[in-house]
Structures are given as C-alpha cells and as structure tokens.
$ cat entry13.txt   # compact mmCIF, C-alpha atoms
# COMPACT_ATOMS: atom_id res chain seq x y z
CA MET G 988 -38.54 3.85 49.66
CA ALA G 989 -34.82 4.54 49.79
CA GLU G 990 -34.20 0.92 50.60
CA LEU G 991 -36.23 -0.25 47.66
CA ASN G 992 -34.29 1.88 45.24
CA THR G 993 -31.13 0.00 46.04
CA GLY G 994 -33.05 -3.26 45.99
CA LEU G 995 -31.01 -4.85 43.29
CA ALA G 996 -27.76 -3.85 44.96
CA SER G 997 -28.70 -5.36 48.29
CA ILE G 998 -30.01 -8.51 46.66
CA LEU G 999 -26.75 -8.91 44.82
CA ARG G 1000 -24.76 -8.40 47.98
CA ARG G 1001 -26.82 -10.72 50.13
CA HIS G 1002 -27.14 -13.58 47.70
CA GLU G 1003 -23.84 -13.40 45.87
CA THR G 1004 -22.89 -17.00 46.55
CA ARG G 1005 -26.27 -18.42 45.66
CA LEU G 1006 -26.49 -16.40 42.48
CA LEU G 1007 -23.12 -17.63 41.44
CA ALA G 1008 -24.00 -21.26 42.09
CA ASP G 1009 -27.27 -20.98 40.16
CA TRP G 1010 -25.57 -19.19 37.33
CA MET G 1011 -22.82 -21.78 37.10
CA SER G 1012 -25.34 -24.57 36.75
CA GLU G 1013 -27.08 -22.49 34.10
CA LEU G 1014 -23.82 -21.90 32.25
CA THR G 1015 -22.64 -25.48 32.33
CA LYS G 1016 -26.03 -26.63 31.07
CA GLY G 1017 -25.50 -24.67 27.85
CA GLY G 1018 -24.31 -26.18 24.59
CA ARG G 1019 -20.59 -25.55 24.45
CA SER G 1020 -19.68 -25.81 28.09
CA GLY G 1021 -17.04 -28.36 27.10
CA ALA G 1022 -15.22 -25.86 24.92
CA ILE G 1023 -14.02 -23.85 27.87
CA ASP G 1024 -12.41 -25.00 31.07
CA LYS G 1025 -14.92 -25.29 33.89
CA ALA G 1026 -12.61 -23.77 36.47
CA GLU G 1027 -11.86 -20.90 34.15
CA LEU G 1028 -15.54 -20.35 33.50
CA GLU G 1029 -16.29 -20.36 37.21
CA GLU G 1030 -13.49 -17.89 37.79
CA GLN G 1031 -14.90 -15.60 35.12
CA ALA G 1032 -18.40 -15.90 36.50
CA ARG G 1033 -17.21 -15.15 40.03
CA THR G 1034 -15.29 -12.08 38.89
CA PHE G 1035 -18.31 -10.86 36.96
CA VAL G 1036 -20.67 -11.24 39.93
CA ARG G 1037 -18.15 -9.62 42.28
CA LEU G 1038 -17.57 -6.65 40.01
CA LEU G 1039 -21.28 -6.26 39.36
CA THR G 1040 -22.01 -6.28 43.09
CA GLU G 1041 -19.23 -3.79 43.72
CA ALA G 1042 -20.46 -1.52 40.97
CA ALA G 1043 -23.98 -1.78 42.33
CA GLN G 1044 -22.83 -0.64 45.79
CA THR G 1045 -20.99 2.44 44.59
CA ASP G 1046 -22.75 3.80 41.52
CA ALA G 1047 -26.31 4.02 40.55
CA LEU G 1048 -26.86 0.86 38.56
CA GLU G 1049 -27.89 2.64 35.38
CA ASP G 1050 -24.49 4.27 35.27
CA VAL G 1051 -22.70 0.94 35.19
CA GLY G 1052 -23.97 0.24 31.72
CA ARG G 1053 -23.12 3.68 30.49
CA SER G 1054 -19.84 4.70 32.10
CA ALA G 1055 -16.85 3.74 30.02
CA GLY G 1056 -13.73 2.09 31.31
CA GLY G 1057 -15.07 0.74 34.63
CA PRO G 1058 -13.51 -2.47 35.93
CA LEU G 1059 -16.64 -4.38 34.92
CA ARG G 1060 -16.35 -3.24 31.32
CA GLU G 1061 -12.65 -3.96 31.29
CA MET G 1062 -13.30 -7.46 32.53
CA LEU G 1063 -15.95 -8.03 29.85
CA ALA G 1064 -13.65 -6.68 27.15
CA THR G 1065 -10.89 -9.09 28.17
CA LEU G 1066 -13.38 -11.93 28.29
CA SER G 1067 -14.74 -11.17 24.81
CA ALA G 1068 -11.24 -10.92 23.41
CA SER G 1069 -10.28 -14.33 24.79
CA ARG G 1070 -13.56 -15.85 23.55
CA ALA G 1071 -12.97 -14.38 20.11
CA ARG G 1072 -9.52 -15.94 20.00
CA GLN G 1073 -10.88 -19.30 21.11
CA GLY G 1074 -13.33 -19.26 18.21
CA PHE G 1075 -16.62 -18.74 20.03
CA THR G 1076 -19.55 -17.25 18.13
CA PRO G 1077 -20.86 -13.83 19.16
CA THR G 1078 -24.06 -15.48 20.42
CA GLU G 1079 -22.15 -17.79 22.71
CA THR G 1080 -20.14 -14.91 24.06
CA ALA G 1081 -23.16 -12.72 24.70
CA THR G 1082 -25.00 -15.63 26.26
CA PHE G 1083 -22.43 -15.58 29.05
CA VAL G 1084 -23.90 -12.27 30.22
CA PHE G 1085 -27.51 -12.88 29.25
CA SER G 1086 -27.69 -16.20 31.05
CA PHE G 1087 -27.17 -14.32 34.29
CA LYS G 1088 -30.75 -13.04 33.94
CA GLN G 1089 -32.27 -16.40 34.75
CA PRO G 1090 -30.89 -16.84 38.29
CA LEU G 1091 -31.18 -13.13 39.00
CA PHE G 1092 -34.82 -12.97 37.97
CA ALA G 1093 -35.64 -16.08 39.95
CA LEU G 1094 -34.16 -14.41 42.99
CA LEU G 1095 -36.02 -11.18 42.34
CA ARG G 1096 -39.27 -13.04 42.04
CA GLU G 1097 -38.65 -14.67 45.38
CA THR G 1098 -37.74 -11.43 47.11
CA TYR G 1099 -40.64 -9.38 45.76
CA LYS G 1100 -43.27 -12.06 46.05
CA GLN G 1101 -45.71 -9.67 47.73
CA ASP G 1102 -44.72 -6.53 45.85
CA ALA G 1103 -45.71 -6.61 42.17
CA GLU G 1104 -44.67 -3.01 41.56
CA GLY G 1105 -41.27 -3.54 43.14
CA LEU G 1106 -40.73 -6.68 41.11
CA ALA G 1107 -41.55 -4.90 37.88
CA ARG G 1108 -39.26 -1.99 38.73
CA GLU G 1109 -36.29 -4.08 39.77
CA SER G 1110 -36.72 -6.41 36.82
CA TRP G 1111 -36.63 -3.44 34.51
CA VAL G 1112 -33.45 -2.11 36.14
CA ALA G 1113 -31.82 -5.53 35.98
CA THR G 1114 -32.82 -6.26 32.43
CA THR G 1115 -31.66 -2.87 31.10
CA LEU G 1116 -28.38 -3.26 32.87
CA LEU G 1117 -27.69 -6.77 31.64
CA ASP G 1118 -28.77 -5.90 28.11
CA LYS G 1119 -26.29 -3.06 28.03
CA LEU G 1120 -23.53 -5.25 29.36
CA GLY G 1121 -24.43 -7.98 26.87
CA LEU G 1122 -24.36 -5.58 23.96
CA PHE G 1123 -21.08 -4.20 25.17
CA THR G 1124 -19.72 -7.74 25.22
CA VAL G 1125 -20.78 -8.29 21.63
CA GLU G 1126 -19.23 -5.00 20.62
CA ALA G 1127 -15.96 -5.86 22.32
CA PHE G 1128 -16.07 -9.29 20.70
CA GLN G 1129 -16.54 -7.69 17.30
CA LYS G 1130 -13.70 -5.29 17.92
CA SER G 1131 -11.24 -7.99 18.84
CA ARG G 1132 -12.31 -10.02 15.80
CA GLU G 1133 -11.67 -7.02 13.61
CA GLY G 1134 -8.29 -6.66 15.26
CA VAL G 1135 -7.49 -10.27 14.38
CA ILE G 1136 -8.55 -9.71 10.76
CA MET G 1137 -6.49 -6.53 10.46
CA ARG G 1138 -3.43 -8.25 11.82
CA GLN G 1139 -3.83 -11.18 9.46
CA GLN G 1140 -4.25 -8.83 6.53
CA ARG G 1141 -1.03 -7.07 7.44
CA ASP G 1142 0.79 -10.36 7.89
CA LEU G 1143 -0.49 -11.57 4.54
CA LEU G 1144 0.69 -8.42 2.84
CA GLU G 1145 4.19 -8.85 4.19
CA LEU G 1146 4.30 -12.60 3.70
CA SER G 1147 3.28 -12.43 0.10
CA THR G 1148 5.83 -9.91 -1.12
CA PRO G 1149 9.30 -11.33 -0.59
CA VAL G 1150 12.10 -10.10 -2.82
CA VAL G 1151 14.74 -12.78 -3.27
CA ALA G 1152 18.29 -12.33 -4.49
CA LEU G 1153 18.80 -15.10 -7.05
CA TRP G 1154 22.26 -14.18 -8.22
CA GLU G 1155 24.57 -11.25 -7.95
CA GLY G 1156 22.60 -8.50 -9.65
CA ILE G 1157 19.45 -10.59 -10.18
CA LEU G 1158 16.38 -10.27 -8.00
CA ALA G 1159 13.31 -12.46 -8.07
CA LEU G 1160 9.86 -11.35 -6.98
CA PRO G 1161 7.52 -14.33 -6.64
CA LEU G 1162 4.02 -12.86 -6.56
CA ILE G 1163 1.30 -14.88 -4.87
CA GLY G 1164 -2.34 -13.87 -4.84
CA THR G 1165 -4.28 -11.18 -6.61
CA LEU G 1166 -2.61 -7.86 -7.27
CA ASP G 1167 -4.72 -4.93 -6.15
CA SER G 1168 -3.51 -1.37 -6.05
CA GLU G 1169 -2.58 -1.54 -2.37
CA ARG G 1170 -0.48 -4.65 -2.84
CA THR G 1171 1.11 -3.23 -5.95
CA GLN G 1172 2.26 -0.30 -3.88
CA VAL G 1173 3.86 -2.60 -1.30
CA VAL G 1174 5.39 -4.82 -3.97
CA MET G 1175 6.77 -1.83 -5.84
CA GLU G 1176 8.26 -0.26 -2.75
CA SER G 1177 9.95 -3.42 -1.54
CA LEU G 1178 11.30 -4.20 -5.02
CA LEU G 1179 12.72 -0.70 -5.51
CA ASP G 1180 14.23 -0.68 -2.05
CA ARG G 1181 15.92 -3.98 -2.73
CA ILE G 1182 17.21 -2.72 -6.07
CA VAL G 1183 18.89 0.16 -4.28
CA GLU G 1184 20.15 -2.13 -1.54
CA THR G 1185 21.63 -4.83 -3.76
CA GLY G 1186 22.42 -2.79 -6.87
CA ALA G 1187 20.60 -5.34 -8.97
CA SER G 1188 20.13 -4.59 -12.64
CA ILE G 1189 17.61 -7.31 -13.47
CA ALA G 1190 14.43 -8.25 -11.63
CA ILE G 1191 12.38 -11.33 -12.46
CA ILE G 1192 8.70 -10.99 -11.58
CA ASP G 1193 7.25 -14.48 -11.26
CA ILE G 1194 3.47 -14.60 -11.53
CA THR G 1195 2.99 -18.35 -11.12
CA GLY G 1196 0.97 -17.65 -7.97
CA VAL G 1197 -1.22 -14.96 -9.46
CA PRO G 1198 -4.60 -16.59 -10.15
CA THR G 1199 -5.80 -14.29 -12.94
CA VAL G 1200 -4.31 -11.52 -14.99
CA ASP G 1201 -6.91 -9.02 -16.13
CA THR G 1202 -6.32 -5.56 -17.54
CA LEU G 1203 -6.04 -4.06 -14.07
CA VAL G 1204 -3.47 -6.57 -12.84
CA ALA G 1205 -1.51 -6.11 -16.06
CA GLN G 1206 -1.57 -2.38 -15.53
CA HIS G 1207 -0.24 -2.83 -12.01
CA LEU G 1208 2.50 -5.11 -13.31
CA LEU G 1209 3.48 -2.59 -15.97
CA LYS G 1210 3.60 0.16 -13.35
CA THR G 1211 6.00 -1.88 -11.25
CA ILE G 1212 8.12 -2.61 -14.30
CA GLY G 1213 8.11 1.05 -15.28
CA ALA G 1214 9.24 2.14 -11.83
CA ALA G 1215 12.02 -0.46 -11.80
CA ARG G 1216 13.13 0.70 -15.23
CA LEU G 1217 13.36 4.29 -14.03
CA MET G 1218 15.82 3.05 -11.44
CA GLY G 1219 17.87 1.38 -14.10
CA ALA G 1220 16.70 -2.19 -13.60
CA GLU G 1221 15.20 -4.33 -16.32
CA CYS G 1222 12.25 -6.60 -15.54
CA ILE G 1223 11.39 -10.03 -16.89
CA ILE G 1224 7.98 -11.57 -16.30
CA SER G 1225 8.03 -15.30 -15.76
CA GLY G 1226 5.66 -18.03 -14.68
CA ILE G 1227 3.00 -17.33 -17.28
CA ARG G 1228 0.63 -20.27 -17.33
CA PRO G 1229 -1.13 -21.31 -20.56
CA GLN G 1230 -4.52 -20.00 -19.38
CA ILE G 1231 -2.95 -16.69 -18.47
CA ALA G 1232 -1.31 -16.36 -21.85
CA GLN G 1233 -4.72 -16.96 -23.43
CA THR G 1234 -6.42 -14.42 -21.16
CA ILE G 1235 -3.78 -11.79 -21.83
CA VAL G 1236 -4.23 -12.10 -25.57
CA HIS G 1237 -8.05 -12.32 -25.43
CA LEU G 1238 -8.22 -9.20 -23.32
CA GLY G 1239 -5.84 -7.41 -25.64
CA VAL G 1240 -3.47 -6.53 -22.81
CA GLU G 1241 -0.41 -4.84 -24.24
CA LEU G 1242 2.74 -5.82 -22.38
CA GLY G 1243 4.93 -3.67 -24.61
CA ASP G 1244 8.55 -4.68 -24.95
CA VAL G 1245 8.67 -6.51 -21.64
CA VAL G 1246 10.46 -9.84 -21.87
CA THR G 1247 8.17 -12.70 -20.85
CA LYS G 1248 9.13 -16.28 -20.12
CA ALA G 1249 7.12 -19.35 -19.27
CA THR G 1250 9.22 -20.46 -16.35
CA LEU G 1251 11.44 -18.88 -13.75
CA ALA G 1252 14.28 -21.12 -14.91
CA SER G 1253 14.30 -19.76 -18.44
CA ALA G 1254 13.99 -16.22 -17.12
CA LEU G 1255 17.07 -16.82 -14.99
CA VAL G 1256 19.00 -18.01 -18.02
CA VAL G 1257 18.06 -14.83 -19.92
CA ALA G 1258 19.03 -12.70 -16.93
CA LEU G 1259 22.39 -14.43 -16.63
CA GLU G 1260 23.03 -13.90 -20.33
CA ARG G 1261 22.38 -10.19 -19.94
CA LEU G 1262 24.96 -10.07 -17.19
CA GLY G 1263 27.43 -12.00 -19.32
CA ALA G 1264 27.29 -15.14 -17.22
CA SER G 1265 26.22 -18.57 -18.31
CA ILE G 1266 25.47 -21.94 -16.81
CA VAL G 1267 27.52 -24.83 -18.16
CA HIS G 1268 26.84 -28.49 -17.70
CA SER G 1269 30.06 -30.11 -16.63
CA ALA G 1270 30.76 -33.77 -17.32
CA PRO G 1271 28.69 -35.91 -14.96
CA ARG G 1272 30.68 -37.14 -12.03
CA GLY G 1273 31.43 -40.74 -11.29
CA MET T 1197 20.37 37.07 -16.24
CA ALA T 1198 17.96 39.77 -15.18
CA ASP T 1199 16.75 37.52 -12.39
CA ASP T 1200 19.48 37.40 -9.73
CA LYS T 1201 17.91 34.54 -7.84
CA ALA T 1202 17.74 32.30 -10.86
CA ALA T 1203 21.30 33.16 -11.75
CA GLY T 1204 22.27 32.41 -8.14
CA ASP T 1205 21.30 28.74 -8.04
CA ARG T 1206 22.14 27.27 -11.39
CA ILE T 1207 22.73 23.65 -11.95
CA PRO T 1208 26.35 23.11 -12.96
CA ILE T 1209 27.07 21.30 -16.20
CA LEU T 1210 30.49 19.72 -16.08
CA LYS T 1211 32.43 18.71 -19.16
CA MET T 1212 34.42 15.48 -18.87
CA GLY T 1213 36.03 14.56 -22.14
CA GLU T 1214 33.25 13.96 -24.60
CA PHE T 1215 30.65 13.64 -21.86
CA LEU T 1216 28.61 16.18 -19.97
CA LEU T 1217 27.82 15.65 -16.34
CA VAL T 1218 24.75 17.22 -14.77
CA THR T 1219 24.23 16.65 -11.08
CA ILE T 1220 21.06 18.03 -9.60
CA GLN T 1221 21.89 18.73 -5.97
CA VAL T 1222 19.17 21.21 -5.10
CA GLU T 1223 15.42 21.00 -5.04
CA MET T 1224 14.11 21.58 -8.52
CA HIS T 1225 11.66 24.32 -9.25
CA ASP T 1226 10.04 25.25 -12.51
CA HIS T 1227 12.36 28.11 -13.40
CA LEU T 1228 15.47 26.12 -12.62
CA VAL T 1229 14.46 23.23 -14.81
CA MET T 1230 13.77 25.55 -17.75
CA THR T 1231 17.20 27.17 -17.31
CA LEU T 1232 18.82 23.76 -17.23
CA GLN T 1233 17.02 22.75 -20.42
CA ASP T 1234 18.32 25.83 -22.17
CA GLU T 1235 21.89 25.62 -20.92
CA LEU T 1236 22.28 21.91 -21.47
CA THR T 1237 21.17 22.02 -25.10
CA HIS T 1238 23.59 24.87 -25.71
CA SER T 1239 26.42 23.04 -23.97
CA ILE T 1240 25.86 19.88 -25.98
CA VAL T 1241 26.16 21.81 -29.22
CA LYS T 1242 29.10 23.91 -28.01
CA HIS T 1243 31.18 21.01 -26.70
CA ARG T 1244 29.93 18.56 -29.31
CA ALA T 1245 29.17 16.20 -26.44
CA ARG T 1246 28.58 12.52 -27.22
CA GLY T 1247 27.02 11.58 -23.93
CA VAL T 1248 25.04 13.24 -21.15
CA LEU T 1249 24.71 11.87 -17.67
CA ILE T 1250 22.00 13.39 -15.47
CA ASP T 1251 22.34 12.46 -11.81
CA ILE T 1252 19.14 13.00 -9.83
CA SER T 1253 20.11 11.07 -6.71
CA ALA T 1254 19.57 14.14 -4.54
CA LEU T 1255 16.14 14.81 -5.96
CA GLU T 1256 13.51 13.87 -3.42
CA ILE T 1257 10.34 15.46 -4.71
CA VAL T 1258 9.07 15.61 -8.26
CA ASP T 1259 5.82 16.95 -9.62
CA SER T 1260 4.36 16.40 -13.05
CA PHE T 1261 6.07 19.47 -14.48
CA ILE T 1262 9.56 18.51 -13.31
CA GLY T 1263 8.98 14.92 -14.36
CA ARG T 1264 7.94 15.95 -17.83
CA ALA T 1265 10.79 18.44 -18.09
CA LEU T 1266 13.32 15.74 -17.18
CA GLY T 1267 11.96 13.55 -19.93
CA ASP T 1268 12.05 16.49 -22.34
CA ILE T 1269 15.66 17.27 -21.49
CA ALA T 1270 16.64 13.68 -22.15
CA SER T 1271 14.78 13.63 -25.46
CA MET T 1272 16.36 16.93 -26.56
CA ALA T 1273 19.81 15.61 -25.78
CA ARG T 1274 19.07 12.53 -27.81
CA ILE T 1275 17.95 14.57 -30.79
CA LEU T 1276 21.28 16.40 -30.55
CA ASP T 1277 22.89 12.97 -30.87
CA ALA T 1278 24.12 12.66 -27.32
CA GLU T 1279 23.47 9.43 -25.45
CA THR T 1280 21.54 10.41 -22.35
CA VAL T 1281 21.29 8.43 -19.14
CA VAL T 1282 19.29 9.44 -16.09
CA VAL T 1283 20.89 7.91 -13.01
CA GLY T 1284 20.25 7.55 -9.31
CA MET T 1285 16.51 7.95 -9.20
CA ARG T 1286 15.12 7.33 -5.74
CA PRO T 1287 12.38 4.71 -5.24
CA ALA T 1288 9.88 7.32 -4.09
CA VAL T 1289 10.56 9.46 -7.14
CA ALA T 1290 10.24 6.45 -9.45
CA ILE T 1291 6.89 5.50 -7.92
CA THR T 1292 5.64 9.08 -8.17
CA LEU T 1293 6.58 9.35 -11.83
CA VAL T 1294 4.92 6.04 -12.67
CA GLU T 1295 1.77 7.04 -10.80
CA LEU T 1296 1.75 10.30 -12.72
CA GLY T 1297 1.94 8.29 -15.92
CA LEU T 1298 5.38 9.64 -16.77
CA SER T 1299 7.47 6.56 -17.27
CA LEU T 1300 9.96 8.53 -19.42
CA PRO T 1301 9.78 6.29 -22.48
CA GLY T 1302 12.94 6.21 -24.51
CA VAL T 1303 15.08 7.56 -21.71
CA ARG T 1304 17.86 5.29 -20.56
CA THR T 1305 18.29 4.84 -16.84
CA ALA T 1306 20.86 3.39 -14.49
CA LEU T 1307 21.08 2.81 -10.78
CA ASN T 1308 24.10 5.04 -10.17
CA ALA T 1309 26.57 7.30 -11.96
CA GLU T 1310 29.14 4.54 -12.40
CA ARG T 1311 26.74 2.23 -14.17
CA GLY T 1312 25.33 5.10 -16.18
CA MET T 1313 28.78 5.99 -17.45
CA ALA T 1314 29.43 2.36 -18.34
CA LEU T 1315 26.14 2.30 -20.24
CA ILE T 1316 27.04 5.39 -22.26
CA ARG T 1317 30.53 4.10 -23.06
CA GLN T 1318 29.10 0.76 -24.09
CA SER T 1319 26.58 2.23 -26.52
CA LEU T 1320 29.09 4.73 -27.91
CA GLY T 1321 31.68 2.04 -28.30
CA ALA T 1322 29.23 0.02 -30.34
CA SER T 1323 28.10 2.75 -32.70
CA GLY T 1324 30.09 5.95 -32.71
CA ARG T 1325 33.84 5.30 -32.40
CA GLN T 1326 34.89 6.29 -35.87
CA VAL T 1327 32.75 9.44 -35.81
CA GLY T 1328 34.07 10.73 -32.48
CA GLY T 1329 37.57 9.36 -33.03
CA GLY T 1330 38.74 11.98 -35.53
CA SER T 1331 37.82 15.08 -33.58
CA SER T 1332 39.57 14.17 -30.33
$ encode --input "entry13.txt" --output "structure tokens"
Amino acid sequence: MAELNTGLASILRRHETRLLADWMSELTKGGRSGAIDKAELEEQARTFVRLLTEAAQTDALEDVGRSAGGPLREMLATLSASRARQGFTPTETATFVFSFKQPLFALLRETYKQDAEGLARESWVATTLLDKLGLFTVEAFQKSREGVIMRQQRDLLELSTPVVALWEGILALPLIGTLDSERTQVVMESLLDRIVETGASIAIIDITGVPTVDTLVAQHLLKTIGAARLMGAECIISGIRPQIAQTIVHLGVELGDVVTKATLASALVVALERLGASIVHSAPRG
Amino acid sequence: MADDKAAGDRIPILKMGEFLLVTIQVEMHDHLVMTLQDELTHSIVKHRARGVLIDISALEIVDSFIGRALGDIASMARILDAETVVVGMRPAVAITLVELGLSLPGVRTALNAERGMALIRQSLGASGRQVGGGSS
C-alpha cells in the first residue's frame, strides 16, 4: 500500500524523459507555439517536470499545491511574468500547465491498467495538483499584468505633467488628458514646487490637450490657480478650443477673473507684458 | 497679559518706515493668532502704517481656523487702509488652504518678502504718495 501512495512520485521519476517528450509534442501542437522560442519552451518544460518530480519525492504531493514559495511556484511565477510581458493571454499561459495532464494521464492509464481503483486515486491526486498549479499560474499572470498597468499609470502621471520654463519668471504647464482629482494634486504640487524653485510670477496653464472641460475639471483648474495665487503667482489659461469655450459657457462654469487666451502664443505675450518685456519684430534680414 | 505662556511667545511686529513687518517664525496656535490680530490692528492705527507685510515662510501646518484668521487679519489691515501682502507661503500650505476652500480672496500674495515689499511700494506709489508724503 505504501508503494501505491507514492505512485505518482515514482511514475514521475521513472518516466521523466518520456513525459517530457510527450508533453513537448503536445505543447508544440498547440496554437501559438510559434510565438515562443522552441528551445526556450523546452527548457521551461524540462524545469517544470524536474521541479515537479523533485517536489513529489520530498513532500506529500498535496502540499506542493498549497505551500507557498517553493521552487516550483517560483518557477511558475517567473514563467507567468514573462508570458504576460510577451503578450500571451491568460488561457495560453494556463494551458502550459494544464497540457501536462494529457501525457501524465496517458502514462497513468498505462501503469494502472489492471488497477481501476489505483488509477482513479492517482488521477485524482494528479488532477488536483495540476489544477492548483494552473490556477496559481493564472493568478501570477494576473498579478504581473496588474504590475504592468500600475507602472504605466505612474509613468503616464509623470509624463503628462511637465512644467516648462518659457521665460525668466514665466512657467508653462501644458496639460494633456483628463484632469481628475488625483492628477490635479500632482499637477498642483509640481507647479507650486517649480514656482518656488524658479521664482516665477506668472504661470500659463495650456489646456489644448484636455479633451473636455466640465464643471469638475474647471473646479480642479480653479483650485490649481488659487493655490498658485496664494504663492504669489498669477495664472493664465490658454489653449481654449472653440468647442471648449462653448461648453464652458453652456455649463455656466464661472472662471472668475482668470485671464484666458485662445493660444499659448497670445498668453505668452500677455505674460511678457506683465513683466515689462515685449517682443519686437526687427527688420527682416537680407 | 494674565496668561504668561501667551505673553511668552508673541509674534513680533516690526516697524520699518511706513511699513509693518510681521514674520511668523513659530507654529501658529489659535490663541497666538488671535493675539496677533489684536496687536496688529492696534499697531497699524498707532503707527499709521501704510503697508503690512506678513511673512509665513516658516509656517508648515495650517488648519481651517488659522487659514481663516490669516485672511481676516489681511482684510482688517486693508480696512485700516494698509496695503497687505502675505508672502512666502509654502506649496503644502497653499494646497491645504485651497482644499479647505480658503483661497483668501482679496488678499495680495507674493513669493517672498522682497517681491512683497516691491508690490506694496508699487501700489502705494500709484495711489497714496501725496497722502503719506506730508506726514513723514
């Protein structure tokens, strides 16, 4: 009886090479075998089988699926992460593990030809184990995808809030994308920090890249302007497109005494005037 | 004056010509800000000050009470016909005030004391020379 309990483990150990070969043919048969390097796939498959066999020798097999942080789980986590980066779907990633069932079950059937009870028991052990590993793979895949999304979100936040020094004492803040409260916070902080840093007294907020201005966005804009004013800097809003001007009026958004200009160029002229500078066209050369 | 502690940390009000200089170098608390309000209004009347410069560059934390009181002080000074400029507000303080809905309307602001002084001189030079000229 004791021997039968470790049936799966001994089968894995004895037929490691054959299992691997069968599995590889199974894997390469699948739809997107071309998307990943065959040698790499084989390497991954070999590592998986080796680690599974090792785990089967040492622990009870049920524990493999449960225990956290084993080398098998680590390997699957790395694999899922790389698949996620390469743009595989979750199904394709999970199939890597699930497709191992086919050769394993074939082997089990062969071994327990005479023993229906043993076949049922070992199949159950194997299927539970592989299901757990498969689900873990999907989970890891999901996690690494979420990581990618989080990173992109952060990048986007930083990318979209540059504060540019246009002139001595004039800052420009080209806003791109919708202003939500989180972005407003970032925009406000970076603008105020730059005001302190450069000693600017005028900031031009360019909203050419803001798709829509509703009451909420306007409120966020006014907050930013209010904060800049408290620090002694005046704000000019520029880049107001015709549709946006219409929306602002239709919605009844009150911009107060904030100076607004259609283009960044005219806003710059106003800003220069405030500082007592002006741009003069000299006689054309040549 | 009954309260020794309050008398201990007062905010100094310095007279410089026709201007008053208030630099807040300690953390504000409610009692302190009320004392300042009282003393500053008295000083403006006593010295017939034409301009008040309030430097809050050392102020790191504001709550709604302090924020409102700062605005009140500035408005009171203006009613007493003294040009008031709040200077040196930190970004964090500015954001807090705006989030609290206290954007201090009608209060003039400047990035630092130098600019604030220039602002006061500029607006006084435009409007009040002949009035202040006789007394000094």
$ residues_around --input "entry13.txt" --residues "Ala1270 (chain T)" --least-positions-apart "3" --cutoff "6 Å" --atoms "only C-alpha atoms" --output "JSON, numbers by chain"
{"T": [1267, 1273, 1280]}
$ interface_residues --input "entry13.txt" --of "chain G" --to "chain T" --cutoff "9 Å" --atoms "all atoms listed in the file" --output "ChimeraX atom specification"
/G:1172,1175-1176,1178-1180,1182-1183,1186-1188,1210-1211,1213-1220
$ axis_aligned_box --input "entry13.txt" --around "region 1055-1074 of chain G" --padding-each-side "8 Å" --output "AutoDock Vina command-line options"
--center_x -13.2 --center_y -7.8 --center_z 27.1 --size_x 23.3 --size_y 39.0 --size_z 33.7
$ atom_distance --input "entry13.txt" --atom1 "CA of Thr1165 (chain G)" --atom2 "CA of Ile1212 (chain G)"
16.9 Å
$ residues_around --input "entry13.txt" --residues "Leu1210 (chain T)" --least-positions-apart "4" --cutoff "10 Å" --atoms "all atoms listed in the file" --output "ChimeraX atom specification"
/T:1215-1219,1239,1248-1249
$ decode --input "entry13.txt" --residues "region 1197-1248 of chain G" --atoms "C-alpha atoms" --output "mmCIF file, in the first residue's frame"
data_model
loop_
_atom_site.group_PDB
_atom_site.id
_atom_site.type_symbol
_atom_site.label_atom_id
_atom_site.label_comp_id
_atom_site.auth_asym_id
_atom_site.auth_seq_id
_atom_site.Cartn_x
_atom_site.Cartn_y
_atom_site.Cartn_z
ATOM 1 C CA VAL G 1197 -7.552 68.464 -22.318
ATOM 2 C CA PRO G 1198 -10.374 66.737 -24.214
ATOM 3 C CA THR G 1199 -13.328 68.162 -22.281
ATOM 4 C CA VAL G 1200 -13.824 70.795 -19.637
ATOM 5 C CA ASP G 1201 -16.802 70.070 -17.426
ATOM 6 C CA THR G 1202 -17.639 71.646 -14.095
ATOM 7 C CA LEU G 1203 -15.370 69.241 -12.240
ATOM 8 C CA VAL G 1204 -12.355 69.886 -14.457
ATOM 9 C CA ALA G 1205 -12.984 73.621 -14.204
ATOM 10 C CA GLN G 1206 -13.105 73.317 -10.449
ATOM 11 C CA HIS G 1207 -9.786 71.484 -10.461
ATOM 12 C CA LEU G 1208 -8.291 74.164 -12.689
ATOM 13 C CA LEU G 1209 -9.524 76.917 -10.398
ATOM 14 C CA LYS G 1210 -8.062 75.109 -7.393
ATOM 15 C CA THR G 1211 -4.672 74.988 -9.064
ATOM 16 C CA ILE G 1212 -4.929 78.654 -9.969
ATOM 17 C CA GLY G 1213 -5.973 79.525 -6.432
ATOM 18 C CA ALA G 1214 -3.026 77.681 -4.940
ATOM 19 C CA ALA G 1215 -0.604 79.363 -7.345
ATOM 20 C CA ARG G 1216 -2.097 82.736 -6.467
ATOM 21 C CA LEU G 1217 -1.555 82.099 -2.767
ATOM 22 C CA MET G 1218 2.110 81.682 -3.593
ATOM 23 C CA GLY G 1219 2.152 84.976 -5.394
ATOM 24 C CA ALA G 1220 1.982 83.706 -8.963
ATOM 25 C CA GLU G 1221 -0.667 84.717 -11.452
ATOM 26 C CA CYS G 1222 -2.149 82.129 -13.808
ATOM 27 C CA ILE G 1223 -3.293 82.471 -17.393
ATOM 28 C CA ILE G 1224 -5.333 79.751 -19.071
ATOM 29 C CA SER G 1225 -4.531 79.242 -22.722
ATOM 30 C CA GLY G 1226 -5.342 76.782 -25.472
ATOM 31 C CA ILE G 1227 -9.103 77.057 -25.199
ATOM 32 C CA ARG G 1228 -10.609 75.453 -28.267
ATOM 33 C CA PRO G 1229 -13.900 76.729 -29.724
ATOM 34 C CA GLN G 1230 -15.857 73.687 -28.515
ATOM 35 C CA ILE G 1231 -14.446 74.129 -25.044
ATOM 36 C CA ALA G 1232 -15.411 77.782 -24.950
ATOM 37 C CA GLN G 1233 -18.941 76.743 -25.906
ATOM 38 C CA THR G 1234 -19.064 74.009 -23.265
ATOM 39 C CA ILE G 1235 -17.779 76.327 -20.562
ATOM 40 C CA VAL G 1236 -20.492 78.866 -21.272
ATOM 41 C CA HIS G 1237 -23.267 76.273 -21.704
ATOM 42 C CA LEU G 1238 -22.388 74.672 -18.405
ATOM 43 C CA GLY G 1239 -22.273 78.050 -16.715
ATOM 44 C CA VAL G 1240 -18.756 77.465 -15.417
ATOM 45 C CA GLU G 1241 -17.539 80.598 -13.688
ATOM 46 C CA LEU G 1242 -13.853 81.191 -14.285
ATOM 47 C CA GLY G 1243 -13.854 84.383 -12.241
ATOM 48 C CA ASP G 1244 -11.214 86.951 -13.060
ATOM 49 C CA VAL G 1245 -8.803 84.450 -14.537
ATOM 50 C CA VAL G 1246 -7.220 85.666 -17.760
ATOM 51 C CA THR G 1247 -7.984 83.301 -20.635
ATOM 52 C CA LYS G 1248 -6.387 83.230 -24.062
#
